[in-house]
Structure formats: C-alpha cells, structure tokens
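Below: protein_3.cif (mmCIF, C-alpha atoms)
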```cif
data_model
loop_
_atom_site.label_atom_id
_atom_site.label_comp_id
_atom_site.auth_asym_id
_atom_site.auth_seq_id
_atom_site.Cartn_x
_atom_site.Cartn_y
_atom_site.Cartn_z
CA MET K 1325 38.92 -68.82 51.39
CA ILE K 1326 41.81 -66.92 52.54
CA ILE K 1327 42.49 -69.71 54.62
CA SER K 1328 42.52 -72.23 52.02
CA THR K 1329 44.91 -70.29 49.98
CA LEU K 1330 47.05 -69.75 52.89
CA MET K 1331 47.86 -73.11 53.89
CA PRO K 1332 51.09 -73.49 52.62
CA ASN K 1333 52.49 -76.60 52.47
CA LEU K 1334 55.22 -77.20 54.14
CA ASN K 1335 57.79 -79.06 52.53
CA LYS K 1336 60.50 -80.67 54.35
CA THR K 1337 62.61 -78.18 56.04
CA ASN K 1338 65.53 -79.95 57.44
CA LEU K 1339 65.13 -81.29 60.84
CA ALA K 1340 68.13 -79.67 62.42
CA ARG K 1341 67.02 -76.28 61.26
CA ARG K 1342 63.58 -76.89 62.60
CA THR K 1343 64.86 -77.85 65.95
CA ILE K 1344 67.02 -74.78 66.15
CA LEU K 1345 64.16 -72.55 65.06
CA THR K 1346 61.85 -74.04 67.61
CA GLY K 1347 64.48 -73.44 70.25
CA LEU K 1348 64.94 -69.86 69.16
CA VAL K 1349 61.25 -69.24 69.21
CA SER K 1350 60.94 -70.51 72.72
CA CYS K 1351 63.77 -68.21 73.83
CA ALA K 1352 62.29 -65.29 71.99
CA LEU K 1353 58.95 -65.84 73.63
CA ALA K 1354 60.39 -66.24 77.08
CA GLY K 1355 63.00 -63.53 76.88
CA PRO K 1356 62.87 -59.84 76.15
CA VAL K 1357 61.38 -58.64 72.88
CA PHE K 1358 63.94 -57.76 70.22
CA ALA K 1359 63.49 -54.31 68.75
CA LEU K 1360 61.49 -54.74 65.58
CA ASP K 1361 63.35 -54.01 62.39
CA LYS K 1362 63.39 -55.55 58.93
CA ARG K 1363 65.64 -58.38 59.97
CA VAL K 1364 63.66 -59.26 63.09
CA ALA K 1365 60.35 -59.12 61.18
CA THR K 1366 61.74 -61.41 58.49
CA GLN K 1367 63.07 -63.85 61.07
CA LEU K 1368 59.74 -63.93 62.85
CA VAL K 1369 57.93 -64.89 59.66
CA ASP K 1370 60.64 -67.42 58.76
CA GLN K 1371 60.06 -69.08 62.12
CA LEU K 1372 56.30 -68.94 61.73
CA VAL K 1373 56.47 -70.57 58.32
CA GLY K 1374 58.81 -73.23 59.73
CA GLU K 1375 56.36 -74.03 62.54
CA ILE K 1376 53.45 -74.33 60.16
CA ASN K 1377 55.49 -76.67 57.97
CA THR K 1378 56.41 -78.81 60.91
CA ALA K 1379 52.80 -79.06 62.08
CA ILE K 1380 51.53 -80.07 58.66
CA ASP K 1381 54.31 -82.52 57.97
CA SER K 1382 53.84 -84.20 61.32
CA GLY K 1383 50.88 -86.28 60.16
CA MET K 1384 49.04 -85.63 63.42
CA SER K 1385 45.25 -85.96 63.65
CA GLU K 1386 43.05 -83.03 62.72
CA THR K 1387 42.10 -82.44 66.33
CA LYS K 1388 45.74 -82.31 67.39
CA LEU K 1389 46.60 -80.14 64.42
CA ILE K 1390 43.95 -77.62 65.40
CA GLY K 1391 45.35 -77.48 68.93
CA ARG K 1392 48.78 -76.93 67.43
CA PHE K 1393 47.53 -74.10 65.28
CA GLU K 1394 45.90 -72.47 68.23
CA ARG K 1395 49.32 -72.43 69.87
CA ILE K 1396 51.04 -71.13 66.72
CA PHE K 1397 48.49 -68.33 66.50
CA ALA K 1398 48.97 -67.56 70.19
CA ASP K 1399 52.75 -67.39 69.71
CA TYR K 1400 52.95 -65.42 66.47
CA ALA K 1401 49.71 -63.55 65.92
CA ASP K 1402 48.21 -60.67 67.85
CA VAL K 1403 44.95 -62.56 68.14
CA ASN K 1404 43.62 -60.05 70.64
CA ILE K 1405 43.82 -57.16 68.17
CA ILE K 1406 42.69 -59.34 65.22
CA ALA K 1407 39.60 -60.39 67.18
CA ARG K 1408 38.79 -56.81 68.18
CA ALA K 1409 39.35 -55.43 64.70
CA ALA K 1410 37.14 -58.17 63.27
CA LEU K 1411 34.39 -57.06 65.63
CA GLY K 1412 34.79 -53.47 64.42
CA PRO K 1413 33.13 -50.54 66.18
CA ALA K 1414 31.08 -52.90 68.36
CA ALA K 1415 34.32 -53.69 70.24
CA ARG K 1416 34.36 -50.17 71.67
CA SER K 1417 30.98 -50.33 73.31
CA ALA K 1418 31.22 -53.94 74.47
CA GLU K 1419 31.22 -54.85 78.16
CA PRO K 1420 34.74 -55.92 79.21
CA ALA K 1421 33.52 -59.37 80.28
CA GLU K 1422 31.67 -60.12 77.05
CA LEU K 1423 34.59 -58.79 75.00
CA GLU K 1424 36.91 -61.10 76.89
CA ALA K 1425 34.63 -64.08 76.26
CA TYR K 1426 34.43 -63.15 72.59
CA VAL K 1427 38.24 -62.86 72.18
CA ALA K 1428 38.67 -66.23 73.89
CA ALA K 1429 36.11 -67.84 71.56
CA PHE K 1430 37.73 -66.17 68.56
CA ARG K 1431 41.09 -67.80 69.37
CA GLY K 1432 39.59 -71.23 68.95
CA TYR K 1433 37.50 -70.19 65.94
CA ILE K 1434 40.43 -68.81 63.95
CA ALA K 1435 42.68 -71.77 64.78
CA ARG K 1436 39.98 -74.26 63.69
CA LYS K 1437 39.24 -72.32 60.55
CA TYR K 1438 42.86 -72.38 59.44
CA GLY K 1439 43.84 -75.67 61.00
CA LYS K 1440 41.17 -77.61 59.10
CA ARG K 1441 42.44 -76.46 55.77
CA PHE K 1442 46.17 -76.61 56.27
CA HIS K 1443 46.59 -80.22 55.36
CA GLU K 1444 45.06 -79.62 51.92
CA PHE K 1445 48.37 -78.03 51.08
CA VAL K 1446 50.84 -80.66 52.05
CA GLY K 1447 53.64 -80.96 49.52
CA GLY K 1448 54.45 -77.31 48.94
CA LYS K 1449 56.22 -74.53 50.74
CA ILE K 1450 56.32 -70.81 51.40
CA ILE K 1451 59.44 -68.87 50.60
CA VAL K 1452 60.05 -65.48 52.18
CA THR K 1453 61.19 -63.09 49.45
CA GLY K 1454 61.65 -59.74 51.16
CA THR K 1455 60.46 -57.24 53.72
CA ASN K 1456 59.20 -53.68 53.34
CA ASP K 1457 59.15 -51.04 56.03
CA ARG K 1458 55.63 -49.62 55.79
CA GLY K 1459 56.00 -47.04 58.56
CA ASN K 1460 53.73 -48.39 61.27
CA PHE K 1461 54.51 -52.00 60.45
CA PHE K 1462 56.68 -54.31 58.40
CA GLU K 1463 55.32 -56.28 55.50
CA VAL K 1464 57.10 -59.58 54.98
CA MET K 1465 56.48 -60.88 51.48
CA ALA K 1466 56.50 -64.48 50.43
CA VAL K 1467 55.48 -66.72 47.58
CA THR K 1468 54.12 -70.22 47.73
CA GLU K 1469 55.38 -73.14 45.77
CA LEU K 1470 52.53 -75.58 45.40
CA ARG K 1471 52.47 -78.76 43.42
CA GLY K 1472 50.33 -78.46 40.34
CA SER K 1473 49.24 -74.91 40.91
CA ALA K 1474 50.56 -71.48 40.07
CA PRO K 1475 52.54 -69.71 42.79
CA PHE K 1476 50.74 -67.04 44.74
CA ASP K 1477 51.81 -64.08 46.82
CA VAL K 1478 51.40 -64.07 50.57
CA SER K 1479 52.41 -61.27 52.88
CA PHE K 1480 52.48 -61.04 56.65
CA ARG K 1481 52.06 -57.69 58.37
CA VAL K 1482 54.15 -57.55 61.52
CA SER K 1483 54.06 -54.92 64.24
CA ASP K 1484 55.39 -54.38 67.77
CA ARG K 1485 52.58 -52.07 68.78
CA SER K 1486 51.13 -54.69 71.12
CA GLY K 1487 54.40 -54.65 73.04
CA GLN K 1488 55.50 -57.85 71.30
CA ASN K 1489 56.57 -58.66 67.77
CA LEU K 1490 53.49 -60.28 66.26
CA PHE K 1491 51.72 -60.46 62.94
CA PHE K 1492 48.29 -58.86 62.69
CA ASP K 1493 47.27 -59.64 59.13
CA ILE K 1494 47.98 -62.15 56.38
CA ILE K 1495 47.31 -61.01 52.83
CA ILE K 1496 46.98 -63.67 50.15
CA GLU K 1497 46.85 -62.52 46.55
CA GLY K 1498 45.63 -59.19 47.85
CA ILE K 1499 42.92 -60.62 50.10
CA SER K 1500 43.32 -59.69 53.75
CA LEU K 1501 42.52 -62.10 56.57
CA LEU K 1502 41.61 -59.16 58.76
CA SER K 1503 39.23 -57.62 56.20
CA SER K 1504 37.70 -60.99 55.48
CA GLU K 1505 37.13 -61.74 59.18
CA ARG K 1506 35.64 -58.30 59.72
CA VAL K 1507 33.08 -59.08 57.03
CA GLU K 1508 32.43 -62.52 58.48
CA ILE K 1509 32.22 -61.53 62.15
CA GLY K 1510 30.18 -58.45 61.21
CA ALA K 1511 27.65 -60.65 59.41
CA LEU K 1512 27.53 -63.12 62.32
CA LEU K 1513 26.99 -60.26 64.77
CA ASP K 1514 24.21 -58.75 62.62
CA ALA K 1515 22.50 -62.12 62.47
CA ARG K 1516 22.51 -62.06 66.30
CA LYS K 1517 21.18 -58.50 66.48
CA GLY K 1518 24.49 -57.20 67.81
CA ASN K 1519 24.57 -59.49 70.83
CA ILE K 1520 28.25 -60.16 71.52
CA ALA K 1521 27.59 -62.69 74.27
CA THR K 1522 25.55 -64.83 71.88
CA LEU K 1523 28.21 -64.43 69.20
CA ALA K 1524 30.91 -65.56 71.64
CA ARG K 1525 28.86 -68.63 72.54
CA ASP K 1526 28.13 -69.53 68.92
CA LEU K 1527 31.73 -69.02 67.78
CA ALA K 1528 32.60 -72.09 69.81
CA ASP K 1529 30.84 -74.15 67.12
CA LEU K 1530 32.08 -72.20 64.10
CA GLY K 1531 35.29 -72.13 62.10
CA MET D 422 29.98 -49.69 10.22
CA PHE D 423 30.81 -51.61 13.32
CA LYS D 424 34.44 -50.82 12.66
CA ARG D 425 33.99 -47.10 13.16
CA LEU D 426 32.14 -47.52 16.35
CA PRO D 427 34.98 -48.37 18.70
CA ILE D 428 36.62 -45.00 19.01
CA PHE D 429 33.42 -43.12 19.76
CA ALA D 430 32.11 -45.79 22.01
CA VAL D 431 35.33 -45.90 23.96
CA ALA D 432 35.55 -42.14 24.25
CA SER D 433 32.00 -41.75 25.51
CA LEU D 434 32.45 -44.69 27.82
CA VAL D 435 35.44 -43.06 29.43
CA MET D 436 33.41 -39.93 30.03
CA VAL D 437 30.51 -41.82 31.49
CA VAL D 438 32.71 -43.81 33.81
CA SER D 439 34.71 -40.78 34.90
CA ALA D 440 31.54 -38.93 35.71
CA CYS D 441 30.41 -41.55 38.15
CA SER D 442 33.82 -41.98 39.65
CA PRO D 443 34.01 -42.51 43.19
CA ARG D 444 35.30 -41.66 46.47
CA GLN D 445 38.19 -43.91 47.37
CA GLY D 446 38.89 -45.28 50.79
CA ALA D 447 36.14 -47.53 52.04
CA VAL D 448 36.52 -51.12 50.92
CA ALA D 449 33.32 -50.97 48.97
CA ASP D 450 31.48 -48.08 47.42
CA ASP D 451 28.18 -49.85 46.99
CA PRO D 452 25.20 -47.58 46.28
CA PHE D 453 23.51 -50.36 44.27
CA GLU D 454 23.63 -52.87 47.08
CA ARG D 455 19.95 -53.85 46.88
CA LEU D 456 20.13 -54.50 43.17
CA ASN D 457 23.50 -56.19 43.53
CA ARG D 458 22.12 -58.50 46.18
CA SER D 459 19.37 -59.63 43.80
CA SER D 460 21.97 -60.38 41.13
CA HIS D 461 23.96 -62.23 43.76
CA ALA D 462 21.01 -64.40 44.73
CA PHE D 463 20.46 -65.18 41.05
CA ASN D 464 24.14 -65.97 40.44
CA LYS D 465 24.35 -68.12 43.52
CA GLY D 466 21.32 -70.13 42.42
CA LEU D 467 22.90 -70.53 39.01
CA ASP D 468 26.10 -71.80 40.57
CA ARG D 469 24.36 -74.15 42.96
CA ASN D 470 21.98 -75.65 40.41
CA ILE D 471 23.94 -75.56 37.19
CA LEU D 472 27.55 -74.40 37.17
CA SER D 473 28.85 -76.33 40.15
CA PRO D 474 27.22 -79.71 39.33
CA LEU D 475 27.99 -79.34 35.62
CA SER D 476 31.59 -78.54 36.44
CA LYS D 477 31.87 -81.70 38.53
CA THR D 478 30.39 -83.81 35.77
CA TYR D 479 32.57 -82.21 33.10
CA THR D 480 35.81 -82.67 35.04
CA ASP D 481 34.85 -86.23 36.05
CA VAL D 482 33.96 -87.32 32.55
CA VAL D 483 36.54 -85.51 30.44
CA PRO D 484 40.16 -86.65 30.78
CA ASP D 485 42.49 -83.99 32.20
CA PRO D 486 44.62 -83.54 29.06
CA VAL D 487 41.48 -82.94 27.01
CA GLU D 488 40.21 -80.40 29.57
CA ASP D 489 43.57 -78.65 29.34
CA SER D 490 43.46 -78.56 25.56
CA VAL D 491 39.93 -77.16 25.54
CA SER D 492 41.00 -74.42 27.94
CA ASN D 493 44.21 -73.77 25.97
CA PHE D 494 42.19 -73.34 22.79
CA ALA D 495 39.90 -70.77 24.41
CA ARG D 496 42.77 -68.97 26.07
CA ASN D 497 44.79 -68.77 22.88
CA LEU D 498 41.94 -67.10 21.02
CA SER D 499 41.66 -64.49 23.76
CA LEU D 500 45.25 -63.38 23.14
CA PRO D 501 44.65 -60.99 20.20
CA GLY D 502 42.25 -58.98 22.38
CA LYS D 503 44.90 -58.83 25.09
CA VAL D 504 47.47 -57.61 22.56
CA VAL D 505 45.07 -54.80 21.61
CA ASN D 506 44.89 -53.78 25.27
CA ASN D 507 48.66 -54.11 25.76
CA ALA D 508 49.03 -51.74 22.82
CA LEU D 509 46.45 -49.28 24.21
CA GLN D 510 48.45 -49.30 27.43
CA LEU D 511 51.63 -48.67 25.40
CA ASP D 512 53.00 -51.80 27.03
CA LEU D 513 54.88 -52.97 23.98
CA SER D 514 56.91 -55.68 25.63
CA SER D 515 53.73 -57.43 26.81
CA ALA D 516 52.18 -56.90 23.39
CA ALA D 517 55.20 -58.60 21.84
CA ARG D 518 55.11 -61.42 24.36
CA ASN D 519 51.39 -62.12 23.93
CA SER D 520 51.79 -61.93 20.13
CA ALA D 521 54.69 -64.38 20.19
CA ARG D 522 52.63 -66.72 22.38
CA PHE D 523 49.74 -66.53 19.97
CA ALA D 524 51.98 -67.21 16.96
CA LEU D 525 53.75 -70.16 18.57
CA ASN D 526 50.68 -71.78 20.14
CA SER D 527 48.58 -71.34 16.99
CA THR D 528 51.20 -73.15 14.87
CA VAL D 529 53.46 -75.46 16.87
CA GLY D 530 50.69 -75.73 19.47
CA LEU D 531 48.21 -76.99 16.84
CA VAL D 532 45.68 -74.14 16.65
CA GLY D 533 46.15 -73.46 20.34
CA LEU D 534 45.27 -76.90 21.69
CA PHE D 535 48.68 -77.09 23.31
CA ASP D 536 50.77 -74.53 25.10
CA PRO D 537 54.41 -74.93 24.02
CA SER D 538 55.02 -71.26 24.94
CA GLN D 539 54.60 -72.06 28.61
CA LYS D 540 57.36 -74.62 28.39
CA ILE D 541 59.86 -72.06 27.15
CA GLY D 542 58.79 -69.51 29.77
CA LEU D 543 56.78 -67.38 27.40
CA VAL D 544 53.96 -66.77 29.86
CA GLU D 545 50.88 -64.73 29.20
CA LYS D 546 50.57 -61.15 30.40
CA ASN D 547 46.91 -61.15 31.28
CA THR D 548 45.10 -57.87 30.79
CA ASP D 549 41.78 -56.36 29.78
CA PHE D 550 40.17 -53.06 28.94
CA GLY D 551 39.47 -52.41 32.62
CA GLU D 552 43.22 -52.28 33.16
CA THR D 553 43.61 -50.03 30.13
CA LEU D 554 41.04 -47.63 31.60
CA GLN D 555 42.81 -47.73 34.93
CA GLY D 556 46.02 -46.73 33.14
CA TRP D 557 44.13 -43.82 31.61
CA GLY D 558 43.22 -42.65 35.08
CA VAL D 559 39.68 -44.00 35.35
CA ALA D 560 38.82 -45.04 38.91
CA GLU D 561 36.89 -48.24 39.55
CA GLY D 562 33.60 -46.61 40.51
CA ALA D 563 30.77 -48.24 42.39
CA TYR D 564 30.69 -51.97 43.02
CA LEU D 565 28.48 -54.02 40.73
CA GLU D 566 27.44 -57.63 40.77
CA LEU D 567 26.40 -58.46 37.25
CA PRO D 568 23.92 -61.23 36.54
CA LEU D 569 25.79 -64.17 34.92
CA PHE D 570 29.16 -62.40 35.00
CA GLY D 571 29.44 -61.94 38.73
CA PRO D 572 31.32 -59.39 40.83
CA SER D 573 32.62 -56.30 39.04
CA ASN D 574 32.61 -52.53 39.26
CA MET D 575 31.45 -49.68 37.03
CA ARG D 576 34.74 -49.41 35.20
CA ASP D 577 35.51 -53.08 34.76
CA GLY D 578 31.91 -54.09 34.14
CA LEU D 579 31.56 -51.68 31.23
CA ALA D 580 35.07 -52.54 30.07
CA ARG D 581 34.12 -56.19 29.89
CA PHE D 582 31.49 -55.41 27.28
CA VAL D 583 33.90 -53.21 25.36
CA ASP D 584 36.36 -56.10 25.30
CA MET D 585 33.72 -58.52 24.09
CA LEU D 586 32.05 -56.32 21.51
CA LEU D 587 34.74 -54.00 20.22
CA LEU D 588 38.27 -54.97 21.12
CA ASP D 589 38.33 -58.66 20.31
CA PRO D 590 39.77 -59.30 16.84
CA ALA D 591 39.09 -63.03 17.09
CA SER D 592 35.34 -62.55 17.47
CA GLN D 593 35.24 -60.22 14.46
CA ILE D 594 37.28 -62.50 12.22
CA LEU D 595 36.18 -66.01 13.16
CA LYS D 596 33.22 -67.51 11.33
CA PRO D 597 31.19 -70.59 12.16
CA PRO D 598 32.00 -73.31 12.89
CA VAL D 599 35.27 -72.05 14.45
CA SER D 600 33.47 -69.29 16.36
CA GLU D 601 31.17 -71.99 17.75
CA TYR D 602 34.13 -74.12 18.84
CA ARG D 603 35.42 -71.07 20.56
CA THR D 604 32.20 -70.49 22.49
CA ALA D 605 32.09 -74.14 23.51
CA SER D 606 35.75 -74.11 24.60
CA THR D 607 35.15 -70.96 26.64
CA MET D 608 32.38 -72.80 28.49
CA GLY D 609 34.72 -75.73 29.01
CA ALA D 610 37.40 -73.43 30.40
CA LEU D 611 34.84 -71.94 32.78
CA LEU D 612 33.81 -75.37 34.03
CA GLN D 613 37.44 -76.34 34.57
CA THR D 614 38.16 -73.11 36.44
CA ARG D 615 35.12 -73.67 38.67
CA GLN D 616 36.59 -77.04 39.58
CA ILE D 617 40.17 -75.84 40.14
CA TYR D 618 39.08 -73.09 42.53
CA GLY D 619 36.20 -75.16 43.87
CA ALA D 620 37.23 -75.17 47.52
CA GLN D 621 37.75 -71.40 47.61
CA ILE D 622 34.56 -70.61 45.69
CA ASP D 623 32.49 -72.95 47.86
CA GLU D 624 33.89 -71.37 50.96
CA VAL D 625 32.94 -67.86 49.88
CA LEU D 626 29.51 -68.77 48.49
CA TYR D 627 28.36 -71.47 50.88
CA GLY D 628 30.65 -71.28 53.92
CA SER D 629 30.36 -67.62 54.89
CA ALA D 630 27.74 -65.81 56.93
CA ASP D 631 27.10 -63.22 54.20
CA SER D 632 28.23 -64.55 50.84
CA TYR D 633 27.36 -61.29 49.07
CA ALA D 634 29.60 -59.18 51.32
CA GLN D 635 32.36 -61.79 51.28
CA SER D 636 32.43 -62.08 47.47
CA ARG D 637 32.42 -58.30 47.18
CA LEU D 638 35.48 -58.10 49.43
CA VAL D 639 37.28 -60.93 47.67
CA TYR D 640 36.60 -59.43 44.25
CA LEU D 641 37.61 -55.87 45.14
CA GLN D 642 40.79 -56.76 47.00
CA SER D 643 41.99 -59.28 44.44
CA ARG D 644 41.20 -56.99 41.52
CA ARG D 645 43.08 -54.09 43.11
CA PHE D 646 45.96 -56.43 43.81
CA GLU D 647 45.93 -57.68 40.22
CA LEU D 648 46.01 -54.12 38.89
CA ARG D 649 48.58 -53.03 41.49
CA ASP D 650 46.11 -50.36 42.49
CA ILE D 651 48.01 -49.14 45.53
CA ALA D 652 46.01 -45.90 45.59
CA SER D 653 43.13 -47.76 47.18
CA ASP D 654 44.98 -49.59 49.94
CA ASP D 655 41.98 -50.35 52.07
CA TYR D 656 43.68 -52.71 54.49
CA ILE D 657 42.85 -52.33 58.12
CA ASP D 658 45.38 -50.92 60.58
CA PRO D 659 43.89 -52.41 63.73
CA TYR D 660 46.27 -50.62 66.11
CA ALA D 661 45.39 -47.20 64.74
CA GLU D 662 41.71 -48.01 65.28
CA PHE D 663 42.13 -48.86 68.93
CA GLU D 664 44.58 -46.18 69.97
#
```
Transcribe the structure of this file into structure tokens.
Amino acid sequence: MIISTLMPNLNKTNLARRTILTGLVSCALAGPVFALDKRVATQLVDQLVGEINTAIDSGMSETKLIGRFERIFADYADVNIIARAALGPAARSAEPAELEAYVAAFRGYIARKYGKRFHEFVGGKIIVTGTNDRGNFFEVMAVTELRGSAPFDVSFRVSDRSGQNLFFDIIIEGISLLSSERVEIGALLDARKGNIATLARDLADLG
Amino acid sequence: MFKRLPIFAVASLVMVVSACSPRQGAVADDPFERLNRSSHAFNKGLDRNILSPLSKTYTDVVPDPVEDSVSNFARNLSLPGKVVNNALQLDLSSAARNSARFALNSTVGLVGLFDPSQKIGLVEKNTDFGETLQGWGVAEGAYLELPLFGPSNMRDGLARFVDMLLLDPASQILKPPVSEYRTASTMGALLQTRQIYGAQIDEVLYGSADSYAQSRLVYLQSRRFELRDIASDDYIDPYAEFE
C-alpha cells in the first residue's frame, strides 16, 4: 500500500535537467562520496525523484520498468540494510550464505513490488519541500501533486552510515516502508517456520 | 436528561482511558490480539462479501457528481461535531473555519450538496474527540480492532462513541426524514471512499501475508501522523539495530 501511495508521478521534468542529473548521479556513484549534510541529502532525493519520473514517463514495458527500478533502488537505497531490518532479529542468527541469498531475492522483490505500481501514478509529481537534520540521519520531506487526488506527504530518510549516501526508509503519510516490510517479511517467515532459505526461494515469485 | 450526561460521561471516560494507558515505544501494544483477530476476520468477510462489491456497484451506477454531492451532504453535517471538538481543544481558528464552511455550504452550497467553500480555499480542519483527548494528555492505549468500525485503539475507539452519542449536535437536532437522509448519505460516502482508496485497501487486506498485522501498522502509523503524535515515533533505525 505504501507502494501504491508512493508512486509519484512524474511529470515532465525538462529533458536537459534530467540529462544533467543523470550525469551527476553517475559521477556521484563512481566518485568519492560527498560528506552528507542537508544540501547533499536534498540533492540525493531530488535526483532520485528525477530518475523515478524519467522511468515512469518513458513508456517502457512493465518488465523493463521493473528492471529499471531495481537499478534505481540499487543506486539510491541501502537495500542491504532494508532487507536485513525487514527480516528483524532472524537476520542475526542467519547463516551468511542464506542471508546473502535472502538479500539478493529481496532486491528483486522490492523492485517488483514498487515497479508494478509506479505507472498508476503517471501525470503527477513529487516536490521536495525541505530537509531536517534528525541526528543520525536526514529526513527529506516532499509532497505529491497528483491529478484528481489530495496531495500527500512523503519523506525519505537518508544516511551515510553504510559508507555511502543512501536512503533507508520512505514514509508516506506516516506509514513507513521499512515498518511495513518488517511486518510483511515477518509474516512470510512465520508462514515458513522461520526457514530463511525457503523464504529467499519464495521471494523470487513475490512482490 | 441526555443533555446532562455528556460532562459526566466524558469525565469518567477520561479516567477509564487514562487508567489503561500504555507503555509507548513498540509499534503496537496489543494485549487483545486474539479478540482483535476475530474482529478482523469478521470485518474482512464483511468487506469481501458486502462493502467492496457494493462499493463497485454504487460507483458504477451513480454518476460521479451525484456521488460527490451525497458525500458532501454527509460531510457537511459532520461539521458541527468537529466545531465542538475544535472548541474543546481551544483551537478557535479551526472552530471559526469549520463554522464558516458549514454556514456557506449549508446556504450557498444548497444544504451541503455542494462545496463552494473548497473553491475559495476554506478547507475543513478534520478532527474528532480522539484528538481532543490526545490534547488533554490521554495516550492511545492498547490497539483495538472494532467489529464494523475497523482498526482503532482504546482512546480513539471510545472517543468515536462519544462523538456519535454525545458531541454531535446534528444528530440531536435532526429529525426524520432528514436524519434518515443523513444516514443514507453517510453510507454513500463510505462506499465512495472504499472505491477511491480501493487499490490501497485491497493491497492491505488481500495482498499481504498477514492482513491483520498490516492493517494494525497502517492504522497506528497513519493515526499518529494525523495527530502529529511525535512522542510515539516508532520508526525503525536499521543501522542502530545492526551496530
């Protein structure tokens, strides 16, 4: 559900700006990490939003779009920590190999889950409105502008504690992606009697 | 006699709710989980078999402008109750705004069928007695899923009944047939809302591995967000957990 709300539609950002942003992102990813401050956190989310807009506006097939989202998540989100946090305490006791398989499966799962719903939101946009320093992380706040529906608040929590500047949670109208996935993954794991290897295998078909 | 009741009822309610107030922190304080899960199964069946299909039929059959007017009518009549709560919260600017909305929509808006206030930026300040109690320092208490009414908590669940029975001037003043139109329009508004948020609701109820736990999370986090309840920031700091 989070997801659905999330998918911001991307309205047309101008092409030149997009190209520049894409260029910047590539440099940022290749080069050294900029020290995280308010400005850098805001820029990161601006770029992220621009990429999502581009993907949705491109009119590509759902399969391609999902692949694109997997890349966007890989570039901007700390999927490793999101996957582990979603697993909760079970992540601590997991065998390294099964944890690795689970995280890999989670990457595809989360990209599919979001990717499928993004195109429902074509025709709107997300506008970054400000950034708060929350101590351990920065919270970049935004609102959506959607056709025919009331605006809603979205915030991205960004941290450099992985060694890179990445977001680790998206909060839409108060509802956290991370909390929601912890509930979901927790329920899936319970249904498999705590077997992470089975969960990793089944995640390939979920999302 | 009913008129005297409110003050005592409210006072004792506050005491009851405060007494069972809660530890903060965990996303859900849910000692009634077994009972709540039964309510959830009932509510889900109700949605699957009645609310969801009825909502589809209603929104397919009724033209959009009529749906909007039905919902506007219901919403307009809920404003006096909101003004009462604005006043109890000493939020006089919202009380004035909601009163002005009610006056304009009831007259120019033809007994509330239209919403001219919206067009001039006079938007509603939504509130309820749960928010009033929060302002008085009452914590949310244990999670509850109420049959028919859905996810709630001790504070807001009890507050909902106070709103309906004691703090709603419209329900005390209106006589049939207008009170019946109101009930019907409230049902219409519910069916329209079910349709508008259909994708999200379906995802939580039918697309998640544990729809009870997922609706509990969605309710608690969105309610705290709505009430700006920053005291119970239950968001996960994943880095702190793995350090």
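Residue nearest chain K, chosen from D:Asp451, D:Glu601, D:Asp631, D:Asp650 and counting all atoms listed in the file: D:Asp631.
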Inset, instruction - Considering only C-alpha atoms, return as a PyMOL selection string whatever protein or nucleic-acid residues lie within 12 Å of D:Val532, sequence-local ones (same chain, fewer than 4 positions apart) excluded. - result: chain D and resi 490-491+493-498+522-528+536-537+599+602-603
Within 6 Å of (45.0, -54.1, 25.6) (file coordinates; all atoms listed in the file), which protein or nucleic acid residues are there? I'd like them as a PDB file with C-alpha atoms, keeping the file's coordinate frame.
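After the write, out-v9.pdb holds the following:
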```pdb
ATOM      1  CA  LYS D 503      44.900 -58.830  25.090  1.00  0.00           C
ATOM      2  CA  VAL D 504      47.470 -57.610  22.560  1.00  0.00           C
ATOM      3  CA  VAL D 505      45.070 -54.800  21.610  1.00  0.00           C
ATOM      4  CA  ASN D 506      44.890 -53.780  25.270  1.00  0.00           C
ATOM      5  CA  ASN D 507      48.660 -54.110  25.760  1.00  0.00           C
ATOM      6  CA  ALA D 508      49.030 -51.740  22.820  1.00  0.00           C
ATOM      7  CA  LEU D 509      46.450 -49.280  24.210  1.00  0.00           C
ATOM      8  CA  ASP D 549      41.780 -56.360  29.780  1.00  0.00           C
ATOM      9  CA  PHE D 550      40.170 -53.060  28.940  1.00  0.00           C
TER      10      PHE D 550
END
```
Inset, instruction - Tell me which residues the PyMOL selection byres ((chain K) within 6 of (chain D)) grabs here, as a ChimeraX atom specification. - result: /K:1325,1409,1498-1499,1508,1511
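The two atoms in question, atom CA of K:Ile1495 and atom CA of K:Ile1390, are spaced 21.1 Å apart.
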Legend entry - Straight-line distance linking atom CA of D:Ser520 with atom CA of D:Arg576, stated in Å to one decimal: 26.0 Å
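Between atom CA of K:Leu1490 and atom CA of K:Ala1407 the interatomic distance comes to 13.9 Å.
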What's around K:Ser1479 at 7 Å? Count all atoms listed in the file, leave out sequence neighbours fewer than 2 positions away in its own chain, and write the answer as a PDB file with C-alpha atoms, keeping the file's coordinate frame.
```pdb
ATOM      1  CA  GLU K1463      55.320 -56.280  55.500  1.00  0.00           C
ATOM      2  CA  VAL K1464      57.100 -59.580  54.980  1.00  0.00           C
ATOM      3  CA  MET K1465      56.480 -60.880  51.480  1.00  0.00           C
ATOM      4  CA  ALA K1466      56.500 -64.480  50.430  1.00  0.00           C
ATOM      5  CA  ASP K1477      51.810 -64.080  46.820  1.00  0.00           C
ATOM      6  CA  ARG K1481      52.060 -57.690  58.370  1.00  0.00           C
ATOM      7  CA  ILE K1494      47.980 -62.150  56.380  1.00  0.00           C
ATOM      8  CA  ILE K1495      47.310 -61.010  52.830  1.00  0.00           C
ATOM      9  CA  ILE K1496      46.980 -63.670  50.150  1.00  0.00           C
TER      10      ILE K1496
END
```
Inset, instruction - Would you write out, as a list in words, every residue that the PyMOL selection byres ((chain K and resi 1425) around 10) captures in this file? - result: Pro1420, Ala1421, Glu1422, Leu1423, Glu1424, Tyr1426, Val1427, Ala1428, Ala1429, Phe1430, Ile1520, Ala1521, Leu1523, Ala1524 and Arg1525 of chain K
List as a PDB file with C-alpha atoms, in the coordinates of the input the protein and nucleic acid residues near K:Asp1493, meaning an atom at most 7 Å away when all atoms listed in the file are counted, but skip any in the same chain fewer than 4 places from it.
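Contents of selection_10.pdb, freshly written:
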```
ATOM      1  CA  PHE K1480      52.480 -61.040  56.650  1.00  0.00           C
ATOM      2  CA  ARG K1481      52.060 -57.690  58.370  1.00  0.00           C
ATOM      3  CA  SER K1500      43.320 -59.690  53.750  1.00  0.00           C
ATOM      4  CA  LEU K1501      42.520 -62.100  56.570  1.00  0.00           C
ATOM      5  CA  LEU K1502      41.610 -59.160  58.760  1.00  0.00           C
TER       6      LEU K1502
END
```
Legend entry - Evaluate the PyMOL selection byres ((chain D and resi 578) around 12) and report residues as a PyMOL selection string: chain D and resi 434+438+549-552+554+561-577+579-585
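Candidate residues K:Ala1418, K:Phe1491, K:Val1467, K:Thr1366 were compared for distance to K:Phe1397, and the nearest is K:Phe1491, using only C-alpha atoms.
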